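S.K.: Handing you this structure, nothing more for now.
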Amino acid sequence: MKKTLILAGAALLALAACNRPATRFTVTGSVHDTLATMPGSLVYLIGSDGPIDSTSVNKGAFQFKGAIDPTTQLVAILHFPERDSYDDRFLVSFVPDTEHISIDLDYPATVTGSPLTDAIMEYREAVLNLYYEHETDIGSLSMNGDTEAADSIYRAQLRKIDDLSRETYLANT
């Protein structure tokens with residue numbers, strides 16, 4: 001009986017010692033622009049259904065917490081009085097896929113600590129590079145009336161983008 005209790009206790013300790021996957025993220029952010037210190041300035045955390053949370057900037061820092069969800073994308077944005085709606089200097093999107101994420105909202109805004117956000121940024125850059133790779137050639141061919149050759153190059157670009165999309169998806173499922 002004593003041996004059974006010791007084994008049961010050891011099993012419970014082993015279970016308690018197991019690392020559980022994190023279910024919450026913490027965003028630690030910074031912004032040092034003087035607009036962040038204006039009265040009424042707030043940093044908003046925005047999801048697909050609208051604002052989730054807001055906080056003021058204290059000594060250049062702010063923080064958000066939430067549930068880890070690698071299937072969603074969130075936005076952190078500094079909103080200050082009289083902000084132009086087209087002003088995107090203090091805005092960054094990220095995937096809350098890990099426990100600790102750092103955001104710097106000073107221009108250009110950056111995110112570190114989120115592998116899926118890194119993958120999305122790399123994907124966007126690669127798609128833009130593929131898109132602009134032959135833009136001049138396609139334009140010249142079209143202007144000179146050779147739409148068949150322009151269409152051929154364009155279709156090849158689309159195939160490359162499709163392949164990149166597939167590879168990126170499979171690498172991040």
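A note on labels: chains of the structure tokens are A, B, ... as shown, every chain counts residues from 1, and ligands are counted from 1 in their shown order.
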Tell me, as a ChimeraX atom specification, which residues lie within 10 Å of segment 23-36 of chain A, counting only C-alpha atoms; anything in the same chain fewer than 6 positions away does not count.

M.R.: /A:42-43,45,56-69,76,78-81,83,90,96-107,109-113

S.K.: Taking the DSSP secondary structure from the backbone, can you list the residues of segment 11-156 of chain A that are strand (DSSP E or B), as an MDAnalysis selection string?

M.R.: chainID A and resid 24:30 42:47 50:55 58 61:67 74:79 91:94 100:104 110:112

S.K.: Based on the backbone DSSP call, show me all residues of segment 61-154 of chain A assigned alpha helix (DSSP H), as a VMD selection string.

M.R.: chain A and resid 115 to 133 135 to 143 147 to 154

S.K.: For the residues in the current selection, export N, CA, C and O atoms as a CSV table (one decimal), in the first residue's frame.

M.R.:
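Below you can see out.csv, which holds the result:
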```
chain,number,residue,atom,x,y,z
A,115,PRO,N,6.3,34.0,-34.7
A,115,PRO,CA,6.7,33.3,-35.9
A,115,PRO,C,5.7,33.4,-37.1
A,115,PRO,O,6.2,33.6,-38.2
A,116,LEU,N,4.4,33.4,-36.8
A,116,LEU,CA,3.5,33.5,-37.9
A,116,LEU,C,3.5,34.9,-38.5
A,116,LEU,O,3.3,35.1,-39.7
A,117,THR,N,3.6,35.9,-37.7
A,117,THR,CA,3.7,37.3,-38.2
A,117,THR,C,5.0,37.4,-39.1
A,117,THR,O,4.9,38.0,-40.1
A,118,ASP,N,6.1,36.8,-38.6
A,118,ASP,CA,7.3,36.8,-39.5
A,118,ASP,C,7.0,36.2,-40.8
A,118,ASP,O,7.4,36.7,-41.9
A,119,ALA,N,6.3,35.0,-40.8
A,119,ALA,CA,6.0,34.3,-42.0
A,119,ALA,C,5.1,35.1,-43.0
A,119,ALA,O,5.3,35.2,-44.2
A,120,ILE,N,4.1,35.8,-42.4
A,120,ILE,CA,3.2,36.7,-43.2
A,120,ILE,C,4.0,37.8,-43.8
A,120,ILE,O,3.8,38.1,-45.0
A,121,MET,N,4.9,38.5,-43.1
A,121,MET,CA,5.7,39.6,-43.6
A,121,MET,C,6.6,39.1,-44.7
A,121,MET,O,6.7,39.8,-45.7
A,122,GLU,N,7.2,38.0,-44.5
A,122,GLU,CA,8.1,37.4,-45.6
A,122,GLU,C,7.3,37.1,-46.8
A,122,GLU,O,7.7,37.4,-47.9
A,123,TYR,N,6.1,36.5,-46.6
A,123,TYR,CA,5.2,36.2,-47.7
A,123,TYR,C,4.8,37.5,-48.5
A,123,TYR,O,4.9,37.5,-49.7
A,124,ARG,N,4.4,38.5,-47.8
A,124,ARG,CA,4.0,39.7,-48.4
A,124,ARG,C,5.1,40.3,-49.3
A,124,ARG,O,4.9,40.8,-50.4
A,125,GLU,N,6.3,40.4,-48.7
A,125,GLU,CA,7.5,40.9,-49.4
A,125,GLU,C,7.8,40.1,-50.6
A,125,GLU,O,8.0,40.6,-51.7
A,126,ALA,N,7.7,38.8,-50.5
A,126,ALA,CA,8.0,37.9,-51.7
A,126,ALA,C,7.0,38.1,-52.8
A,126,ALA,O,7.3,38.1,-54.0
A,127,VAL,N,5.7,38.2,-52.4
A,127,VAL,CA,4.7,38.4,-53.4
A,127,VAL,C,4.9,39.8,-54.1
A,127,VAL,O,4.8,39.8,-55.4
A,128,LEU,N,5.2,40.8,-53.4
A,128,LEU,CA,5.5,42.1,-54.0
A,128,LEU,C,6.7,42.0,-54.9
A,128,LEU,O,6.6,42.6,-56.1
A,129,ASN,N,7.7,41.4,-54.5
A,129,ASN,CA,8.9,41.2,-55.4
A,129,ASN,C,8.5,40.5,-56.7
A,129,ASN,O,9.0,40.8,-57.7
A,130,LEU,N,7.7,39.4,-56.5
A,130,LEU,CA,7.3,38.6,-57.7
A,130,LEU,C,6.4,39.5,-58.6
A,130,LEU,O,6.6,39.5,-59.9
A,131,TYR,N,5.6,40.3,-58.0
A,131,TYR,CA,4.7,41.1,-58.8
A,131,TYR,C,5.4,42.2,-59.6
A,131,TYR,O,5.2,42.4,-60.8
A,132,TYR,N,6.4,42.8,-58.9
A,132,TYR,CA,7.2,43.9,-59.6
A,132,TYR,C,8.3,43.4,-60.4
A,132,TYR,O,8.9,44.2,-61.2
A,133,GLU,N,8.6,42.1,-60.4
A,133,GLU,CA,9.8,41.5,-61.1
A,133,GLU,C,9.8,41.8,-62.6
A,133,GLU,O,10.8,42.2,-63.2
A,135,GLU,N,7.2,43.9,-64.1
A,135,GLU,CA,6.2,45.0,-64.3
A,135,GLU,C,6.6,45.8,-65.5
A,135,GLU,O,5.7,46.1,-66.4
A,136,THR,N,7.8,46.2,-65.6
A,136,THR,CA,8.3,47.0,-66.7
A,136,THR,C,8.1,46.3,-68.1
A,136,THR,O,7.7,46.8,-69.1
A,137,ASP,N,8.5,45.0,-68.1
A,137,ASP,CA,8.4,44.2,-69.3
A,137,ASP,C,7.0,44.1,-69.7
A,137,ASP,O,6.7,44.2,-70.9
A,138,ILE,N,6.1,43.8,-68.8
A,138,ILE,CA,4.7,43.6,-69.1
A,138,ILE,C,4.1,44.9,-69.7
A,138,ILE,O,3.4,44.9,-70.7
A,139,GLY,N,4.5,46.0,-69.0
A,139,GLY,CA,4.0,47.3,-69.5
A,139,GLY,C,4.5,47.7,-70.9
A,139,GLY,O,3.7,48.1,-71.7
A,140,SER,N,5.8,47.4,-71.1
A,140,SER,CA,6.4,47.7,-72.4
A,140,SER,C,5.7,46.9,-73.5
A,140,SER,O,5.4,47.3,-74.6
A,141,LEU,N,5.6,45.6,-73.3
A,141,LEU,CA,5.0,44.7,-74.2
A,141,LEU,C,3.5,45.1,-74.5
A,141,LEU,O,3.1,45.1,-75.7
A,142,SER,N,2.8,45.4,-73.5
A,142,SER,CA,1.4,45.8,-73.7
A,142,SER,C,1.3,47.1,-74.5
A,142,SER,O,0.5,47.2,-75.4
A,143,MET,N,2.2,48.1,-74.2
A,143,MET,CA,2.2,49.4,-74.9
A,143,MET,C,2.5,49.2,-76.3
A,143,MET,O,2.1,50.0,-77.2
A,147,THR,N,0.3,41.9,-76.6
A,147,THR,CA,-0.5,41.5,-75.3
A,147,THR,C,-0.3,40.0,-75.1
A,147,THR,O,-0.4,39.6,-73.9
A,148,GLU,N,-0.1,39.2,-76.1
A,148,GLU,CA,0.1,37.8,-75.9
A,148,GLU,C,1.3,37.5,-75.1
A,148,GLU,O,1.3,36.7,-74.1
A,149,ALA,N,2.4,38.2,-75.4
A,149,ALA,CA,3.7,38.0,-74.6
A,149,ALA,C,3.5,38.5,-73.2
A,149,ALA,O,4.0,37.9,-72.2
A,150,ALA,N,2.9,39.7,-73.1
A,150,ALA,CA,2.6,40.3,-71.8
A,150,ALA,C,1.8,39.4,-70.9
A,150,ALA,O,2.1,39.2,-69.7
A,151,ASP,N,0.7,38.8,-71.5
A,151,ASP,CA,-0.1,37.9,-70.8
A,151,ASP,C,0.6,36.6,-70.3
A,151,ASP,O,0.4,36.1,-69.3
A,152,SER,N,1.5,36.2,-71.2
A,152,SER,CA,2.3,35.0,-70.9
A,152,SER,C,3.2,35.2,-69.7
A,152,SER,O,3.3,34.4,-68.7
A,153,ILE,N,3.8,36.4,-69.6
A,153,ILE,CA,4.7,36.7,-68.5
A,153,ILE,C,3.8,36.9,-67.2
A,153,ILE,O,4.2,36.4,-66.1
A,154,TYR,N,2.7,37.5,-67.4
A,154,TYR,CA,1.8,37.7,-66.2
A,154,TYR,C,1.3,36.4,-65.7
A,154,TYR,O,1.3,36.2,-64.5
```

S.K.: Find the distance between atom CA of Val92 of chain A and atom CA of Leu158 of chain A and write it in Å to one decimal.

M.R.: 27.4 Å

S.K.: From the set A:Asp88, A:Glu82, A:Tyr169, A:Gln157, which residue has the shortest atom-to-atom contact distance to Met38 of chain A, counting only C-alpha atoms?

M.R.: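 Answer, going by the shortest atom-to-atom distance: A:Glu82.
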
S.K.: Atom CA of Thr72 of chain A and atom CA of Ser48 of chain A, how far apart in Å?

M.R.: 8.0 Å

S.K.: So, counting only C-alpha atoms, which residue among A:Ala22, A:Leu164, A:Pro70, A:Ile77 is closest to Thr55 of chain A?

M.R.: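 Closest residue, counting only C-alpha atoms: A:Ile77.
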
S.K.: Go ahead and compute the interatomic distance for atom CA of Ser54 of chain A and atom CA of Phe94 of chain A, in Å to one decimal.

M.R.: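 Between atom CA of Ser54 of chain A and atom CA of Phe94 of chain A the gap is 16.1 Å.
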
S.K.: Smallest atom-to-atom distance to Ile52 of chain A: which of A:Asp163, A:Val75, A:Asn144, A:Tyr86, using only C-alpha atoms?

M.R.: A:Val75

S.K.: Could you tell me which of A:Pro51, A:Asp87, A:Ile46, A:Ser165 comes closest to Leu74 of chain A if we count only C-alpha atoms?

M.R.: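 The shortest atom-to-atom distance to Leu74 of chain A comes from A:Ile46.
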